[in-house]
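Just input-v5.cif here, mmCIF, C-alpha atoms:
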data_run
#
loop_
_atom_site.group_PDB
_atom_site.id
_atom_site.type_symbol
_atom_site.label_atom_id
_atom_site.label_comp_id
_atom_site.auth_asym_id
_atom_site.auth_seq_id
_atom_site.Cartn_x
_atom_site.Cartn_y
_atom_site.Cartn_z
ATOM 1 C CA MET C 8 106.398 76.710 108.966
ATOM 2 C CA HIS C 9 106.687 73.808 106.500
ATOM 3 C CA LEU C 10 109.500 74.276 103.961
ATOM 4 C CA ARG C 11 107.269 73.243 101.034
ATOM 5 C CA PHE C 12 104.676 75.839 101.979
ATOM 6 C CA LEU C 13 107.333 78.563 102.061
ATOM 7 C CA LEU C 14 108.647 77.518 98.664
ATOM 8 C CA LEU C 15 105.159 77.476 97.160
ATOM 9 C CA LEU C 16 104.349 80.863 98.669
ATOM 10 C CA LEU C 17 107.511 82.265 97.086
ATOM 11 C CA LEU C 18 106.554 80.704 93.734
ATOM 12 C CA SER C 19 103.056 82.132 93.880
ATOM 13 C CA ILE C 20 104.346 85.638 94.563
ATOM 14 C CA SER C 21 106.950 85.331 91.818
ATOM 15 C CA VAL C 22 104.463 84.150 89.190
ATOM 16 C CA ALA C 23 101.864 86.770 90.103
ATOM 17 C CA ALA C 24 104.445 89.558 90.069
ATOM 18 C CA CYS C 25 106.150 88.529 86.842
ATOM 19 C CA SER C 26 106.185 91.442 84.382
ATOM 20 C CA GLY C 27 106.788 89.275 81.319
ATOM 21 C CA PRO C 28 104.119 87.912 78.966
ATOM 22 C CA ARG C 29 101.357 85.922 80.610
ATOM 23 C CA PRO C 30 101.092 82.205 79.732
ATOM 24 C CA LEU C 31 97.427 82.721 78.882
ATOM 25 C CA SER C 32 95.981 86.090 77.924
ATOM 26 C CA GLY C 33 94.369 87.789 80.910
ATOM 27 C CA GLU C 34 95.215 84.941 83.322
ATOM 28 C CA HIS C 35 97.923 83.950 85.769
ATOM 29 C CA LEU C 36 98.690 81.062 88.095
ATOM 30 C CA ALA C 37 98.514 81.097 91.866
ATOM 31 C CA VAL C 38 100.515 78.083 93.048
ATOM 32 C CA THR C 39 98.903 76.226 95.957
ATOM 33 C CA ALA C 40 100.230 73.976 98.712
ATOM 34 C CA LEU C 41 98.230 71.050 97.285
ATOM 35 C CA THR C 42 100.049 67.976 95.993
ATOM 36 C CA GLU C 43 97.138 66.737 93.853
ATOM 37 C CA LEU C 44 94.102 68.145 92.097
ATOM 38 C CA PRO C 45 90.875 67.777 94.105
ATOM 39 C CA PRO C 46 87.988 65.816 92.515
ATOM 40 C CA PRO C 47 85.626 68.004 90.450
ATOM 41 C CA ASN C 48 82.868 68.073 93.078
ATOM 42 C CA GLY C 49 84.955 67.309 96.156
ATOM 43 C CA ASP C 50 83.788 63.676 96.288
ATOM 44 C CA ALA C 51 86.164 61.223 94.627
ATOM 45 C CA VAL C 52 83.719 58.303 94.731
ATOM 46 C CA GLN C 53 80.847 60.332 93.299
ATOM 47 C CA SER C 54 83.049 61.795 90.577
ATOM 48 C CA ARG C 55 84.204 58.378 89.385
ATOM 49 C CA THR C 56 80.718 56.846 89.208
ATOM 50 C CA TYR C 57 79.338 56.684 85.676
ATOM 51 C CA ARG C 58 76.002 58.457 85.247
ATOM 52 C CA VAL C 59 73.859 58.674 82.129
ATOM 53 C CA GLY C 60 74.263 61.787 80.032
ATOM 54 C CA ALA C 61 73.311 63.109 76.627
ATOM 55 C CA PHE C 62 73.993 60.990 73.529
ATOM 56 C CA ASP C 63 75.476 58.012 75.361
ATOM 57 C CA THR C 64 74.994 54.590 73.758
ATOM 58 C CA PHE C 65 74.018 51.469 75.725
ATOM 59 C CA GLN C 66 73.507 47.785 75.129
ATOM 60 C CA ILE C 67 70.433 46.608 77.039
ATOM 61 C CA SER C 68 69.361 42.981 77.416
ATOM 62 C CA VAL C 69 66.501 41.246 79.211
ATOM 63 C CA PHE C 70 67.647 37.768 80.200
ATOM 64 C CA GLY C 71 65.725 35.021 78.425
ATOM 65 C CA VAL C 72 63.837 37.353 76.074
ATOM 66 C CA ASP C 73 65.492 37.400 72.642
ATOM 67 C CA GLU C 74 63.298 40.240 71.358
ATOM 68 C CA LEU C 75 64.518 42.485 74.173
ATOM 69 C CA SER C 76 68.185 41.444 74.211
ATOM 70 C CA ASN C 77 71.292 43.067 72.723
ATOM 71 C CA ARG C 78 69.334 46.219 72.014
ATOM 72 C CA GLU C 79 71.525 49.228 71.220
ATOM 73 C CA ILE C 80 69.898 52.319 72.714
ATOM 74 C CA ARG C 81 71.092 55.909 72.576
ATOM 75 C CA SER C 82 70.076 58.617 75.016
ATOM 76 C CA ASP C 83 68.763 61.897 73.621
ATOM 77 C CA ALA C 84 69.960 65.425 74.315
ATOM 78 C CA GLY C 85 68.161 65.413 77.653
ATOM 79 C CA GLY C 86 69.553 62.070 78.768
ATOM 80 C CA ARG C 87 66.271 60.223 78.128
ATOM 81 C CA ILE C 88 66.252 56.663 76.835
ATOM 82 C CA ALA C 89 63.401 54.655 75.314
ATOM 83 C CA PHE C 90 63.057 50.872 75.503
ATOM 84 C CA PRO C 91 60.366 48.579 74.017
ATOM 85 C CA LEU C 92 57.381 47.961 76.322
ATOM 86 C CA VAL C 93 58.910 50.346 78.828
ATOM 87 C CA GLY C 94 58.639 53.698 77.081
ATOM 88 C CA ALA C 95 60.765 56.746 77.890
ATOM 89 C CA ILE C 96 62.920 56.877 80.999
ATOM 90 C CA GLU C 97 64.268 60.159 82.371
ATOM 91 C CA ALA C 98 67.710 58.609 82.831
ATOM 92 C CA GLN C 99 69.845 61.751 83.032
ATOM 93 C CA GLY C 100 72.166 61.383 86.036
ATOM 94 C CA MET C 101 71.190 57.767 86.755
ATOM 95 C CA THR C 102 73.735 55.014 87.356
ATOM 96 C CA LEU C 103 73.562 51.856 85.238
ATOM 97 C CA ASP C 104 72.120 49.914 88.180
ATOM 98 C CA GLN C 105 69.362 52.489 88.551
ATOM 99 C CA VAL C 106 68.498 52.248 84.858
ATOM 100 C CA SER C 107 68.326 48.446 84.950
ATOM 101 C CA THR C 108 66.156 48.545 88.091
ATOM 102 C CA GLU C 109 63.788 51.040 86.476
ATOM 103 C CA ILE C 110 63.378 48.844 83.393
ATOM 104 C CA GLU C 111 62.818 45.766 85.550
ATOM 105 C CA ASN C 112 60.167 47.548 87.603
ATOM 106 C CA ARG C 113 58.274 48.613 84.485
ATOM 107 C CA LEU C 114 58.393 45.135 82.938
ATOM 108 C CA ARG C 115 57.620 43.177 86.088
ATOM 109 C CA GLY C 116 54.148 41.668 86.274
ATOM 110 C CA ARG C 117 52.714 43.366 83.175
ATOM 111 C CA PHE C 118 54.995 41.696 80.620
ATOM 112 C CA ILE C 119 57.528 39.474 82.418
ATOM 113 C CA ARG C 120 57.052 37.774 85.768
ATOM 114 C CA GLU C 121 60.569 38.360 87.107
ATOM 115 C CA PRO C 122 62.753 40.244 84.610
ATOM 116 C CA HIS C 123 66.539 40.475 84.863
ATOM 117 C CA VAL C 124 67.996 43.392 82.917
ATOM 118 C CA SER C 125 71.622 44.223 82.122
ATOM 119 C CA VAL C 126 72.700 47.664 80.952
ATOM 120 C CA ASN C 127 76.203 48.284 79.594
ATOM 121 C CA VAL C 128 77.767 51.419 78.143
ATOM 122 C CA ARG C 129 78.977 51.080 74.566
ATOM 123 C CA GLU C 130 79.978 54.711 74.088
ATOM 124 C CA SER C 131 79.933 57.747 76.354
ATOM 125 C CA ASN C 132 79.818 61.250 74.923
ATOM 126 C CA SER C 133 78.803 62.909 78.173
ATOM 127 C CA GLN C 134 81.682 61.672 80.360
ATOM 128 C CA SER C 135 84.983 61.954 78.604
ATOM 129 C CA ILE C 136 88.481 63.359 78.839
ATOM 130 C CA THR C 137 90.494 65.245 76.255
ATOM 131 C CA VAL C 138 94.117 64.307 75.558
ATOM 132 C CA ASN C 139 96.192 66.499 73.266
ATOM 133 C CA GLY C 140 99.712 67.772 72.770
ATOM 134 C CA GLN C 141 102.552 65.389 71.959
ATOM 135 C CA VAL C 142 100.602 62.113 71.744
ATOM 136 C CA HIS C 143 100.161 59.888 68.700
ATOM 137 C CA GLU C 144 96.356 60.075 68.571
ATOM 138 C CA PRO C 145 95.013 63.158 70.382
ATOM 139 C CA GLY C 146 91.271 63.213 70.903
ATOM 140 C CA ILE C 147 88.319 62.809 73.229
ATOM 141 C CA PHE C 148 88.035 59.501 75.067
ATOM 142 C CA PRO C 149 85.149 58.085 77.137
ATOM 143 C CA ILE C 150 85.769 57.610 80.840
ATOM 144 C CA LEU C 151 83.553 54.862 82.221
ATOM 145 C CA GLY C 152 85.451 53.867 85.348
ATOM 146 C CA PRO C 153 88.762 54.460 87.111
ATOM 147 C CA MET C 154 91.144 56.374 84.868
ATOM 148 C CA THR C 155 94.666 57.586 85.571
ATOM 149 C CA LEU C 156 97.023 59.896 83.736
ATOM 150 C CA GLN C 157 99.160 57.098 82.306
ATOM 151 C CA ARG C 158 96.085 55.131 81.199
ATOM 152 C CA ALA C 159 94.741 58.215 79.424
ATOM 153 C CA ILE C 160 98.001 58.707 77.563
ATOM 154 C CA ALA C 161 97.964 55.035 76.603
ATOM 155 C CA ARG C 162 94.450 55.535 75.178
ATOM 156 C CA ALA C 163 95.999 58.234 72.966
ATOM 157 C CA LYS C 164 98.584 55.656 71.769
ATOM 158 C CA GLY C 165 101.383 57.044 73.893
ATOM 159 C CA VAL C 166 103.672 60.056 73.619
ATOM 160 C CA THR C 167 105.540 61.042 70.473
ATOM 161 C CA ASP C 168 109.298 61.105 70.012
ATOM 162 C CA TYR C 169 109.212 64.873 70.558
ATOM 163 C CA ALA C 170 107.297 64.820 73.854
ATOM 164 C CA SER C 171 108.832 66.058 77.073
ATOM 165 C CA SER C 172 108.121 64.418 80.414
ATOM 166 C CA ASP C 173 105.867 67.296 81.489
ATOM 167 C CA VAL C 174 102.089 66.902 81.433
ATOM 168 C CA VAL C 175 99.496 69.480 82.486
ATOM 169 C CA VAL C 176 96.021 68.443 83.648
ATOM 170 C CA PHE C 177 93.286 71.091 83.606
ATOM 171 C CA ARG C 178 90.195 70.644 85.791
ATOM 172 C CA THR C 179 87.283 72.715 87.045
ATOM 173 C CA VAL C 180 86.678 72.123 90.755
ATOM 174 C CA GLY C 181 83.369 73.682 91.731
ATOM 175 C CA GLU C 182 83.658 76.966 89.854
ATOM 176 C CA GLN C 183 87.440 77.239 90.128
ATOM 177 C CA ARG C 184 89.655 76.422 87.170
ATOM 178 C CA MET C 185 92.804 74.599 88.234
ATOM 179 C CA ALA C 186 95.882 73.124 86.586
ATOM 180 C CA ALA C 187 98.501 70.658 87.774
ATOM 181 C CA LEU C 188 101.924 69.937 86.310
ATOM 182 C CA TYR C 189 103.098 66.324 86.465
ATOM 183 C CA SER C 190 106.250 64.537 85.365
ATOM 184 C CA LEU C 191 105.787 61.210 83.598
ATOM 185 C CA HIS C 192 109.354 60.254 84.508
ATOM 186 C CA ALA C 193 108.657 60.942 88.197
ATOM 187 C CA ILE C 194 105.498 58.812 88.088
ATOM 188 C CA GLN C 195 107.273 55.963 86.315
ATOM 189 C CA ARG C 196 110.098 55.846 88.834
ATOM 190 C CA GLY C 197 107.628 55.878 91.726
ATOM 191 C CA ALA C 198 108.310 59.383 93.056
ATOM 192 C CA TYR C 199 104.536 59.850 93.381
ATOM 193 C CA ALA C 200 101.366 58.011 92.415
ATOM 194 C CA ASP C 201 99.820 58.012 88.952
ATOM 195 C CA PRO C 202 97.114 60.692 89.440
ATOM 196 C CA ASP C 203 93.427 59.918 88.990
ATOM 197 C CA LEU C 204 91.520 61.619 86.166
ATOM 198 C CA TYR C 205 87.838 62.519 86.033
ATOM 199 C CA ALA C 206 85.248 63.347 83.384
ATOM 200 C CA ASN C 207 85.885 66.659 81.576
ATOM 201 C CA ASP C 208 89.593 66.768 82.480
ATOM 202 C CA ILE C 209 91.916 68.093 79.769
ATOM 203 C CA VAL C 210 95.374 66.511 79.508
ATOM 204 C CA VAL C 211 98.122 68.351 77.621
ATOM 205 C CA VAL C 212 101.307 66.348 76.969
ATOM 206 C CA GLY C 213 104.756 67.682 76.237
ATOM 207 C CA ASP C 214 105.758 70.950 74.600
ATOM 208 C CA SER C 215 102.520 72.929 74.522
ATOM 209 C CA PRO C 216 100.911 76.191 75.663
ATOM 210 C CA GLY C 217 99.586 74.297 78.669
ATOM 211 C CA ARG C 218 103.040 73.292 79.838
ATOM 212 C CA ARG C 219 104.409 76.801 79.229
ATOM 213 C CA MET C 220 101.914 78.157 81.747
ATOM 214 C CA PHE C 221 104.313 76.852 84.375
ATOM 215 C CA GLN C 222 107.516 78.149 82.791
ATOM 216 C CA ASN C 223 108.072 80.882 85.397
ATOM 217 C CA VAL C 224 107.560 78.407 88.220
ATOM 218 C CA LEU C 225 109.952 75.873 86.700
ATOM 219 C CA GLN C 226 112.697 78.478 86.436
ATOM 220 C CA ILE C 227 112.666 78.734 90.230
ATOM 221 C CA LEU C 228 111.869 75.167 91.312
ATOM 222 C CA PRO C 229 111.934 72.412 88.684
ATOM 223 C CA LEU C 230 109.363 69.658 89.178
ATOM 224 C CA ALA C 231 110.960 66.972 91.321
ATOM 225 C CA ILE C 232 109.193 64.658 93.740
ATOM 226 C CA THR C 233 105.701 66.193 93.883
ATOM 227 C CA PRO C 234 103.300 67.743 91.351
ATOM 228 C CA LEU C 235 102.660 71.475 91.206
ATOM 229 C CA VAL C 236 98.997 72.473 91.537
ATOM 230 C CA ALA C 237 97.800 75.982 90.730
ATOM 231 C CA LEU C 238 94.643 78.046 90.528
ATOM 232 C CA ILE C 239 94.012 79.773 87.187
ATOM 233 C CA GLN C 240 93.001 83.348 87.876
ATOM 234 C CA ASN C 241 92.056 86.361 85.777
ATOM 235 C CA ASN C 242 94.391 89.302 86.138
ATOM 236 C CA GLY C 243 91.500 91.443 87.267
ATOM 237 C CA ASN C 244 90.673 89.129 90.211
#
When written as structure tokens, how does the structure in this file appear?
Amino acid sequence: MHLRFLLLLLLSISVAACSGPRPLSGEHLAVTALTELPPPNGDAVQSRTYRVGAFDTFQISVFGVDELSNREIRSDAGGRIAFPLVGAIEAQGMTLDQVSTEIENRLRGRFIREPHVSVNVRESNSQSITVNGQVHEPGIFPILGPMTLQRAIARAKGVTDYASSDVVVFRTVGEQRMAALYSLHAIQRGAYADPDLYANDIVVVGDSPGRRMFQNVLQILPLAITPLVALIQNNGN
């Protein structure tokens, strides 16, 4: 049996059996044999594709038509957008290419012979990540394309002087809450790849309740060359 699997099995039993205070009330960690968090819906490509959501802001232009160019449009709570001459579009879940095609189809023939429409995201409230803990500017940041852990921390203006190297990423995969512990130092020296992040991930940097969830695990096997990935479970489960 693989040595890593045996170590992780030992860690899982140790954490579950620990009689001390739980890192989160009513919850404990079950360490897995995974070396990275799975994408939220199991499909990395699908998860990283921007799709229209509620209260996102777009800049829409119709090439060659000044009256319909550089229009700033915001989707409503249901992900609908409205554009002159086009009316309301049920855009929730659409990609930008699908939105531009829909606008072109509605304009074509009736108003413009062969329209060319560009749609760009100015601000996304529906697809974002949260970065908190020991960073200079914690907050919620839009995620419009490929995003990694180090890029997310850079968006938060980097770590503070009091930050440790440990970072926890929380993610819901299907209906399962998961957490992974990473080391910024390990990533920077090339021990493993800078992990990908997805919409709705929560990143907790440095000395924080998130990091302390793994304190029992770290007492047995400090983070070295691979991340630690765990399921977050209720004590009653």
Practice problem: Report as an NGL selection string the residues that result from applying the PyMOL selection byres ((chain C and resi 186) around 6) to the structure here. | Solution: :C and (176-177 or 185 or 187 or 236-237)
Residues just named, written with C-alpha atoms as a PDB file, in the coordinates of the input:
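The new file out_34.pdb reads:
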ATOM      1  CA  VAL C 176      96.021  68.443  83.648  1.00  0.00           C
ATOM      2  CA  PHE C 177      93.286  71.091  83.606  1.00  0.00           C
ATOM      3  CA  MET C 185      92.804  74.599  88.234  1.00  0.00           C
ATOM      4  CA  ALA C 187      98.501  70.658  87.774  1.00  0.00           C
ATOM      5  CA  VAL C 236      98.997  72.473  91.537  1.00  0.00           C
ATOM      6  CA  ALA C 237      97.800  75.982  90.730  1.00  0.00           C
TER       7      ALA C 237
END
Please write the residues picked by the PyMOL selection byres ((chain C and resi 95-108) around 8) on this file as a tab-separated table (two decimals) with C-alpha atoms, in the frame of the given file.
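New file result.tsv:
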chain	number	residue	atom	x	y	z
C	56	THR	CA	80.72	56.85	89.21
C	57	TYR	CA	79.34	56.68	85.68
C	58	ARG	CA	76.00	58.46	85.25
C	59	VAL	CA	73.86	58.67	82.13
C	60	GLY	CA	74.26	61.79	80.03
C	61	ALA	CA	73.31	63.11	76.63
C	85	GLY	CA	68.16	65.41	77.65
C	86	GLY	CA	69.55	62.07	78.77
C	87	ARG	CA	66.27	60.22	78.13
C	88	ILE	CA	66.25	56.66	76.83
C	89	ALA	CA	63.40	54.66	75.31
C	90	PHE	CA	63.06	50.87	75.50
C	93	VAL	CA	58.91	50.35	78.83
C	94	GLY	CA	58.64	53.70	77.08
C	109	GLU	CA	63.79	51.04	86.48
C	110	ILE	CA	63.38	48.84	83.39
C	111	GLU	CA	62.82	45.77	85.55
C	112	ASN	CA	60.17	47.55	87.60
C	124	VAL	CA	68.00	43.39	82.92
C	125	SER	CA	71.62	44.22	82.12
C	126	VAL	CA	72.70	47.66	80.95
C	127	ASN	CA	76.20	48.28	79.59
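Once the PyMOL selection byres ((chain C and resi 77) around 6) is applied to the depicted file, the selected set reads Gln66, Ile67, Ser68, Ser76 and Arg78 of chain C.
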Quiz item: How many Å lie between CA of Pro202 (chain C) and CA of Pro45 (chain C), rounded to one decimal?
Solution: 10.5 Å
Quiz item: Which is closest to Leu151 (chain C) among C:Pro46, C:Ser131, C:Asn207, C:His123, if we use all atoms listed in the file?
Solution: C:Ser131
Taking all atoms of region 121-131 of chain C that the file lists, what box with edges along x, y and z, padded by 5 Å per side, do you get, with centre and edge lengths in Å to one decimal, as AutoDock Vina command-line options?
--center_x 70.3 --center_y 48.1 --center_z 80.6 --size_x 29.4 --size_y 29.4 --size_z 23.0
Quiz prompt | All residues 6 Å or closer to Arg184 (chain C), all atoms listed in the file, same chain fewer than 2 positions away omitted, as number ranges by chain | solution = C: 178-179, 239
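What separates CA of Arg196 (chain C) from CA of Leu156 (chain C) is a distance of 14.6 Å.
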Exercise. Go ahead and find all residues with at least one atom no further than 12 Å from (87.3, 50.6, 74.1) in the file's coordinates, using all atoms listed in the file; report them as JSON, numbers by chain.
Key: {"C": [128, 129, 130, 131, 148, 149, 150, 151, 152, 159, 161, 162, 163]}
Quiz item: Between CA of Tyr199 (chain C) and CA of Leu238 (chain C), what is the distance, to one decimal in Å?
Solution: 20.9 Å
Self-check item: Radius query 12 Å about (99.7, 54.0, 81.7), atoms used: all atoms listed in the file, as number ranges by chain
Solution: C: 154-166, 191-192, 194-195, 200-203
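Distances from C:Ala37, C:Ser190, C:Val72, C:Pro153 to Leu204 (chain C) were compared using only C-alpha atoms, and the smallest one belongs to C:Pro153.
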Quiz item: Between C:Thr42, C:Gln141, C:Ser172, C:Ser133, which one has atoms that come closest to Ser82 (chain C), using all atoms listed in the file?
Solution: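 Closest candidate: C:Ser133.
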Practice problem: Would you please work out which residue, of C:Asn132, C:Val69, C:Glu182, C:Val138, is nearest to Leu114 (chain C) when using only C-alpha atoms? | Solution: C:Val69
Exercise. Find, counting only C-alpha atoms, the residue in C:Ile147, C:Leu36, C:Ala84, C:Ala206 that gets nearest to Asp63 (chain C).
Key: C:Ala84
Within 6 Å of Val211 (chain C) using all atoms listed in the file, minus same-chain residues under 4 positions, as a compact mmCIF listing (two decimals) with C-alpha atoms, keeping the file's coordinate frame:
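Below you can see around-v2.txt, which holds the result:
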# COMPACT_ATOMS: atom_id res chain seq x y z
CA ASN C 139 96.19 66.50 73.27
CA GLY C 140 99.71 67.77 72.77
CA VAL C 174 102.09 66.90 81.43
CA VAL C 175 99.50 69.48 82.49
Quiz item: Which one of C:His143, C:Glu79, C:Glu121, C:Ser135 sits closest to Thr167 (chain C) if you count only C-alpha atoms?
Solution: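 Residue with the minimum atom-to-atom distance to Thr167 (chain C): C:His143.
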